[in-house]
>>> print(open('input_13.pdb').read())   # PDB, C-alpha atoms
ATOM      1  CA  MET O  18      -0.599  63.888  69.138
ATOM      2  CA  GLN O  19       2.032  62.441  66.789
ATOM      3  CA  GLU O  20       1.137  58.944  67.902
ATOM      4  CA  GLU O  21      -2.546  59.487  67.156
ATOM      5  CA  VAL O  22      -1.800  60.709  63.638
ATOM      6  CA  GLU O  23       0.389  57.690  62.982
ATOM      7  CA  ASN O  24      -2.351  55.319  64.176
ATOM      8  CA  ARG O  25      -4.930  56.971  61.931
ATOM      9  CA  THR O  26      -2.668  56.800  58.863
ATOM     10  CA  VAL O  27      -1.942  53.146  59.554
ATOM     11  CA  ASN O  28      -5.692  52.458  59.948
ATOM     12  CA  LEU O  29      -6.392  54.303  56.701
ATOM     13  CA  ALA O  30      -3.702  52.349  54.853
ATOM     14  CA  ILE O  31      -4.967  49.018  56.180
ATOM     15  CA  SER O  32      -8.609  49.754  55.428
ATOM     16  CA  THR O  33      -7.860  50.831  51.856
ATOM     17  CA  THR O  34      -5.588  47.890  51.119
ATOM     18  CA  ARG O  35      -7.819  45.293  52.710
ATOM     19  CA  LEU O  36      -8.821  42.947  49.923
ATOM     20  CA  THR O  37     -12.295  41.562  49.834
ATOM     21  CA  GLY O  38     -13.430  38.511  47.945
ATOM     22  CA  ARG O  39     -15.050  40.697  45.319
ATOM     23  CA  THR O  40     -11.852  42.615  44.575
ATOM     24  CA  LEU O  41      -9.879  39.375  44.365
ATOM     25  CA  VAL O  42     -12.382  37.975  41.847
ATOM     26  CA  THR O  43     -12.313  41.115  39.700
ATOM     27  CA  ALA O  44      -8.504  41.151  39.755
ATOM     28  CA  PHE O  45      -8.387  37.480  38.719
ATOM     29  CA  ASN O  46     -10.912  38.054  35.928
ATOM     30  CA  ALA O  47      -8.876  40.989  34.603
ATOM     31  CA  TRP O  48      -5.739  38.862  34.622
ATOM     32  CA  LYS O  49      -7.583  35.996  32.894
ATOM     33  CA  ARG O  50      -8.876  38.297  30.119
ATOM     34  CA  HIS O  51      -5.381  39.633  29.552
ATOM     35  CA  HIS O  52      -3.910  36.110  29.501
ATOM     36  CA  ASP O  53      -6.570  34.810  27.062
ATOM     37  CA  ALA O  54      -6.098  37.775  24.722
ATOM     38  CA  LYS O  55      -2.350  37.191  24.695
ATOM     39  CA  ALA O  56      -2.791  33.458  23.977
ATOM     40  CA  LYS O  57      -5.284  34.199  21.192
ATOM     41  CA  MET O  58      -2.809  36.540  19.500
ATOM     42  CA  GLN O  59      -0.116  33.841  19.599
ATOM     43  CA  THR O  60      -2.407  31.193  18.102
ATOM     44  CA  GLN O  61      -3.379  33.524  15.276
ATOM     45  CA  GLU O  62       0.290  34.010  14.447
ATOM     46  CA  ASP O  63       0.978  30.257  14.556
ATOM     47  CA  GLU O  64      -2.199  29.343  12.687
ATOM     48  CA  THR O  65      -0.519  28.512   9.402
ATOM     49  CA  PRO O  66       0.100  24.755   9.324
ATOM     50  CA  HIS O  67       3.504  23.296   8.523
ATOM     51  CA  GLY O  68       4.531  19.944   7.129
ATOM     52  CA  LYS O  69       1.870  17.567   5.872
ATOM     53  CA  GLN O  70      -1.485  19.243   5.252
ATOM     54  CA  THR O  71      -4.507  19.253   2.986
ATOM     55  CA  ILE O  72      -4.578  20.777  -0.491
ATOM     56  CA  LYS O  73      -6.910  23.570   0.658
ATOM     57  CA  GLU O  74      -4.574  24.549   3.487
ATOM     58  CA  LEU O  75      -1.570  24.469   1.183
ATOM     59  CA  ILE O  76      -3.157  26.596  -1.537
ATOM     60  CA  GLY O  77      -4.644  28.989   1.029
ATOM     61  CA  GLN O  78      -1.211  30.173   2.162
ATOM     62  CA  ASP O  79      -0.956  32.618  -0.763
ATOM     63  CA  GLN O  80       2.172  31.147  -2.306
ATOM     64  CA  GLY O  81       2.752  29.192  -5.485
ATOM     65  CA  VAL O  82       2.315  25.419  -5.361
ATOM     66  CA  SER O  83       4.246  22.888  -7.449
ATOM     67  CA  SER O  84       3.670  19.170  -7.853
ATOM     68  CA  ILE O  85       5.526  15.999  -8.804
ATOM     69  CA  PRO O  86       4.366  12.407  -9.216
ATOM     70  CA  ILE O  87       5.781   9.988  -6.676
ATOM     71  CA  GLY O  88       5.747   6.216  -6.433
ATOM     72  CA  ASN O  89       3.772   4.330  -3.842
ATOM     73  CA  THR O  90       6.925   3.059  -2.173
ATOM     74  CA  GLY O  91       8.615   6.426  -1.664
ATOM     75  CA  ILE O  92       5.922   8.327   0.261
ATOM     76  CA  LYS O  93       7.349   7.823   3.753
ATOM     77  CA  ASP O  94      10.856   8.603   2.536
ATOM     78  CA  PHE O  95       9.634  11.856   1.023
ATOM     79  CA  GLU O  96       7.725  12.793   4.193
ATOM     80  CA  ARG O  97      10.823  12.271   6.321
ATOM     81  CA  ILE O  98      12.984  14.461   4.092
ATOM     82  CA  ALA O  99      10.301  17.152   3.677
ATOM     83  CA  ASN O 100       9.922  17.458   7.445
ATOM     84  CA  LYS O 101      13.696  17.658   7.802
ATOM     85  CA  TYR O 102      13.900  20.668   5.466
ATOM     86  CA  GLY O 103      10.654  22.376   6.536
ATOM     87  CA  VAL O 104       8.817  21.858   3.254
ATOM     88  CA  ASP O 105       5.016  22.159   3.335
ATOM     89  CA  TYR O 106       3.388  19.420   1.285
ATOM     90  CA  ALA O 107       0.136  17.628   0.535
ATOM     91  CA  ILE O 108      -0.116  14.108  -0.877
ATOM     92  CA  VAL O 109      -3.037  13.321  -3.190
ATOM     93  CA  LYS O 110      -3.908   9.954  -4.697
ATOM     94  CA  ASP O 111      -4.671  10.147  -8.432
ATOM     95  CA  LYS O 112      -7.430   7.545  -8.826
ATOM     96  CA  ALA O 113      -7.840   8.090 -12.572
ATOM     97  CA  GLU O 114      -4.858   5.878 -13.364
ATOM     98  CA  THR O 115      -4.393   2.206 -12.663
ATOM     99  CA  PRO O 116      -2.365   1.502 -10.635
ATOM    100  CA  PRO O 117      -3.071   4.765  -8.813
ATOM    101  CA  LYS O 118      -0.257   7.287  -8.640
ATOM    102  CA  TYR O 119       0.405   9.767  -5.894
ATOM    103  CA  LEU O 120       0.956  13.465  -6.527
ATOM    104  CA  VAL O 121       2.874  15.578  -4.053
ATOM    105  CA  PHE O 122       2.032  19.264  -3.968
ATOM    106  CA  PHE O 123       4.698  21.239  -2.163
ATOM    107  CA  LYS O 124       6.079  24.648  -1.353
ATOM    108  CA  ALA O 125       8.717  26.133   0.885
ATOM    109  CA  ARG O 126       9.593  29.622   1.998
ATOM    110  CA  ASP O 127      13.184  29.108   0.928
ATOM    111  CA  ALA O 128      13.930  27.842  -2.576
ATOM    112  CA  ASP O 129      17.281  26.454  -1.434
ATOM    113  CA  ALA O 130      15.587  24.237   1.147
ATOM    114  CA  LEU O 131      13.241  22.947  -1.526
ATOM    115  CA  THR O 132      16.021  22.120  -3.977
ATOM    116  CA  GLN O 133      18.097  20.494  -1.238
ATOM    117  CA  ALA O 134      15.145  18.345  -0.160
ATOM    118  CA  PHE O 135      14.530  17.121  -3.707
ATOM    119  CA  THR O 136      18.174  16.441  -4.444
ATOM    120  CA  GLU O 137      18.423  14.370  -1.266
ATOM    121  CA  TYR O 138      15.202  12.511  -2.097
ATOM    122  CA  SER O 139      16.270  11.768  -5.677
ATOM    123  CA  SER O 140      19.737  10.610  -4.604
ATOM    124  CA  GLN O 141      18.138   8.367  -1.996
ATOM    125  CA  GLN O 142      15.815   6.842  -4.624
ATOM    126  CA  LEU O 143      18.742   6.229  -7.002
ATOM    127  CA  LYS O 144      20.708   4.593  -4.219
ATOM    128  CA  MET O 145      17.745   2.310  -3.456
ATOM    129  CA  GLN O 146      17.515   1.258  -7.118
ATOM    130  CA  LYS O 147      21.224   0.425  -7.303
ATOM    131  CA  LYS O 148      21.106  -1.727  -4.177
ATOM    132  CA  PRO O 149      20.731  -5.415  -4.910
ATOM    133  CA  SER O 150      17.589  -7.027  -3.586
ATOM    134  CA  ILE O 151      18.178  -9.159  -0.530
ATOM    135  CA  LEU O 152      15.297 -11.451  -1.453
ATOM    136  CA  LYS O 153      16.813 -12.141  -4.876
ATOM    137  CA  GLN O 154      20.176 -12.893  -3.279
ATOM    138  CA  LEU O 155      18.479 -15.229  -0.830
ATOM    139  CA  GLN O 156      16.697 -17.084  -3.642
ATOM    140  CA  LYS O 157      19.995 -17.553  -5.481
ATOM    141  CA  LEU O 158      21.612 -18.942  -2.338
ATOM    142  CA  ARG O 159      18.664 -21.325  -1.821
ATOM    143  CA  ALA O 160      19.073 -22.613  -5.365
ATOM    144  CA  ILE O 161      22.798 -23.187  -4.804
ATOM    145  CA  VAL O 162      22.173 -25.007  -1.536
ATOM    146  CA  ALA O 163      19.433 -27.129  -3.130
ATOM    147  CA  SER O 164      21.797 -28.179  -5.932
ATOM    148  CA  ILE O 165      24.431 -29.504  -3.506
ATOM    149  CA  PRO O 166      23.867 -33.233  -2.958
ATOM    150  CA  ASN O 167      23.315 -34.316   0.604
ATOM    151  CA  LYS O 168      25.933 -36.529   2.169
ATOM    152  CA  VAL O 169      24.629 -39.973   2.750
ATOM    153  CA  ARG O 170      26.196 -41.810   5.593
ATOM    154  CA  GLN O 171      26.174 -45.538   5.418
ATOM    155  CA  LYS O 172      26.306 -47.405   8.602
ATOM    156  CA  THR O 173      28.558 -50.365   8.492
ATOM    157  CA  PRO O 174      28.649 -52.741  11.314
ATOM    158  CA  GLU O 175      32.043 -52.574  12.955
ATOM    159  CA  HIS O 176      31.685 -55.530  15.164
ATOM    160  CA  ASP O 177      29.259 -58.299  14.763
ATOM    161  CA  LEU O 178      28.533 -59.649  18.137
TER     162      LEU O 178
END
>>> encode(input="input_13.pdb", output="C-alpha coordinates")
Amino acid sequence: MQEEVENRTVNLAISTTRLTGRTLVTAFNAWKRHHDAKAKMQTQEDETPHGKQTIKELIGQDQGVSSIPIGNTGIKDFERIANKYGVDYAIVKDKAETPPKYLVFFKARDADALTQAFTEYSSQQLKMQKKPSILKQLQKLRAIVASIPNKVRQKTPEHDL
(Lines of atoms letter the chains of each structure in order from A and count residues from 1; the text may use other names and numbers.)
(Lines give C-alpha, C1' and ligand atoms only; values in the text may rest on other atoms or scores of the structure.)
Protein backbone atom coordinates (compact mmCIF):
# COMPACT_ATOMS: atom_id res chain seq x y z
CA MET A 1 0.00 0.00 0.00
CA GLN A 2 2.79 2.43 0.92
CA GLU A 3 4.55 1.68 -2.34
CA GLU A 4 1.44 2.44 -4.37
CA VAL A 5 0.98 5.80 -2.67
CA GLU A 6 4.59 6.71 -3.35
CA ASN A 7 4.24 5.80 -7.04
CA ARG A 8 1.11 7.92 -7.38
CA THR A 9 2.73 10.95 -5.72
CA VAL A 10 5.77 10.60 -7.96
CA ASN A 11 3.49 10.35 -11.03
CA LEU A 12 1.56 13.41 -9.89
CA ALA A 13 4.77 15.39 -9.34
CA ILE A 14 6.15 14.42 -12.74
CA SER A 15 2.94 15.16 -14.61
CA THR A 16 2.58 18.60 -13.01
CA THR A 17 6.20 19.57 -13.56
CA ARG A 18 6.39 18.29 -17.11
CA LEU A 19 7.09 21.30 -19.27
CA THR A 20 5.47 21.59 -22.62
CA GLY A 21 6.59 23.79 -25.46
CA ARG A 22 3.79 26.22 -24.74
CA THR A 23 4.81 26.72 -21.11
CA LEU A 24 8.44 27.20 -22.13
CA VAL A 25 7.41 29.89 -24.63
CA THR A 26 5.23 31.72 -22.11
CA ALA A 27 8.01 31.59 -19.51
CA PHE A 28 10.52 32.97 -22.03
CA ASN A 29 8.14 35.74 -23.08
CA ALA A 30 7.58 36.74 -19.45
CA TRP A 31 11.33 36.87 -18.88
CA LYS A 32 11.82 38.90 -22.08
CA ARG A 33 9.17 41.46 -21.04
CA HIS A 34 10.81 41.83 -17.65
CA HIS A 35 14.27 42.20 -19.23
CA ASP A 36 13.06 44.80 -21.77
CA ALA A 37 11.29 46.83 -19.09
CA LYS A 38 14.44 46.84 -16.97
CA ALA A 39 16.60 47.93 -19.94
CA LYS A 40 14.12 50.68 -20.85
CA MET A 41 14.27 52.08 -17.32
CA GLN A 42 18.08 52.20 -17.48
CA THR A 43 18.11 53.99 -20.85
CA GLN A 44 15.67 56.59 -19.56
CA GLU A 45 18.00 57.30 -16.65
CA ASP A 46 21.04 57.54 -18.94
CA GLU A 47 19.23 59.55 -21.60
CA THR A 48 20.86 62.87 -20.80
CA PRO A 49 23.84 63.30 -23.12
CA HIS A 50 27.29 64.17 -21.82
CA GLY A 51 30.24 65.86 -23.45
CA LYS A 52 29.82 67.39 -26.89
CA GLN A 53 26.19 67.91 -27.88
CA THR A 54 23.84 70.22 -29.73
CA ILE A 55 22.58 73.54 -28.37
CA LYS A 56 19.04 72.17 -28.00
CA GLU A 57 20.24 69.21 -25.94
CA LEU A 58 22.39 71.46 -23.78
CA ILE A 59 19.64 73.99 -23.06
CA GLY A 60 17.07 71.23 -22.54
CA GLN A 61 18.85 69.93 -19.44
CA ASP A 62 17.24 72.59 -17.24
CA GLN A 63 20.45 74.21 -16.07
CA GLY A 64 22.03 77.55 -16.84
CA VAL A 65 24.27 77.80 -19.90
CA SER A 66 27.29 80.09 -20.27
CA SER A 67 29.35 80.86 -23.34
CA ILE A 68 32.81 82.08 -24.33
CA PRO A 69 34.36 82.86 -27.71
CA ILE A 70 37.17 80.54 -28.73
CA GLY A 71 39.70 80.66 -31.53
CA ASN A 72 39.65 78.31 -34.47
CA THR A 73 42.92 76.71 -33.40
CA GLY A 74 41.92 75.84 -29.84
CA ILE A 75 38.75 73.80 -30.43
CA LYS A 76 40.32 70.34 -30.13
CA ASP A 77 42.31 71.41 -27.08
CA PHE A 78 39.14 72.63 -25.40
CA GLU A 79 37.26 69.42 -26.28
CA ARG A 80 40.01 67.29 -24.74
CA ILE A 81 40.00 69.26 -21.49
CA ALA A 82 36.19 69.46 -21.30
CA ASN A 83 35.90 65.69 -21.65
CA LYS A 84 38.56 65.24 -18.98
CA TYR A 85 36.56 67.27 -16.44
CA GLY A 86 33.07 66.10 -17.48
CA VAL A 87 31.90 69.45 -18.83
CA ASP A 88 28.90 69.41 -21.19
CA TYR A 89 29.45 71.75 -24.12
CA ALA A 90 28.23 72.73 -27.57
CA ILE A 91 30.35 74.48 -30.20
CA VAL A 92 28.61 76.92 -32.55
CA LYS A 93 30.16 78.76 -35.48
CA ASP A 94 29.28 82.47 -35.54
CA LYS A 95 28.98 83.17 -39.28
CA ALA A 96 28.12 86.85 -38.84
CA GLU A 97 31.77 87.80 -38.37
CA THR A 98 34.62 87.45 -40.80
CA PRO A 99 36.70 85.46 -40.12
CA PRO A 100 34.07 83.34 -38.36
CA LYS A 101 34.44 82.87 -34.63
CA TYR A 102 33.40 79.89 -32.60
CA LEU A 103 31.28 80.15 -29.47
CA VAL A 104 31.39 77.45 -26.83
CA PHE A 105 28.29 77.02 -24.71
CA PHE A 106 29.01 74.98 -21.61
CA LYS A 107 27.76 73.82 -18.25
CA ALA A 108 28.82 71.40 -15.57
CA ARG A 109 27.16 69.94 -12.52
CA ASP A 110 30.10 70.98 -10.38
CA ALA A 111 31.32 74.58 -10.50
CA ASP A 112 34.78 73.51 -9.35
CA ALA A 113 35.17 71.19 -12.33
CA LEU A 114 34.17 74.02 -14.64
CA THR A 115 36.65 76.49 -13.15
CA GLN A 116 39.42 73.88 -13.17
CA ALA A 117 38.75 73.07 -16.83
CA PHE A 118 38.94 76.73 -17.84
CA THR A 119 42.05 77.46 -15.81
CA GLU A 120 43.79 74.49 -17.42
CA TYR A 121 42.63 75.56 -20.89
CA SER A 122 43.74 79.18 -20.41
CA SER A 123 47.12 78.15 -19.00
CA GLN A 124 47.60 75.81 -21.95
CA GLN A 125 46.78 78.61 -24.41
CA LEU A 126 49.23 80.98 -22.68
CA LYS A 127 51.92 78.34 -22.78
CA MET A 128 51.32 77.85 -26.52
CA GLN A 129 51.67 81.60 -27.14
CA LYS A 130 54.96 81.80 -25.22
CA LYS A 131 56.48 78.90 -27.14
CA PRO A 132 58.66 79.99 -30.03
CA SER A 133 57.50 78.89 -33.44
CA ILE A 134 59.53 76.04 -34.86
CA LEU A 135 58.91 77.24 -38.41
CA LYS A 136 60.32 80.68 -37.60
CA GLN A 137 63.38 79.10 -36.01
CA LEU A 138 63.84 76.92 -39.07
CA GLN A 139 63.63 79.94 -41.40
CA LYS A 140 66.28 81.75 -39.35
CA LEU A 141 68.57 78.72 -39.54
CA ARG A 142 68.04 78.50 -43.32
CA ALA A 143 69.02 82.14 -43.69
CA ILE A 144 72.18 81.57 -41.63
CA VAL A 145 73.12 78.50 -43.66
CA ALA A 146 72.45 80.35 -46.94
CA SER A 147 74.76 83.19 -45.87
CA ILE A 148 77.72 80.86 -45.26
CA PRO A 149 79.85 80.68 -48.41
CA ASN A 150 80.35 77.25 -49.88
CA LYS A 151 83.86 75.86 -49.86
CA VAL A 152 85.25 75.64 -53.31
CA ARG A 153 87.79 72.96 -53.83
CA GLN A 154 90.28 73.49 -56.56
CA LYS A 155 91.81 70.50 -58.10
CA THR A 156 95.45 70.86 -58.73
CA PRO A 157 97.27 68.28 -60.64
CA GLU A 158 99.74 66.56 -58.36
CA HIS A 159 101.59 64.66 -60.95
CA ASP A 160 101.65 65.37 -64.59
CA LEU A 161 102.20 62.16 -66.35
>>> residues_near_point(input="input_13.pdb", point="(7.4, 14.7, 2.0)", cutoff="12 Å", atoms="all atoms listed in the file", output="PyMOL selection string")
chain O and resi 67-70+84-87+91-109+119-125+131+134-135+137-138
>>> atom_distance(input="input_13.pdb", atom1="CA of Thr132 in chain O", atom2="CA of Ser83 in chain O")
12.3 Å
>>> atom_distance(input="input_13.pdb", atom1="CA of Thr136 in chain O", atom2="CA of Ala113 in chain O")
28.5 Å
>>> atom_distance(input="input_13.pdb", atom1="CA of Lys110 in chain O", atom2="CA of Lys73 in chain O")
14.9 Å
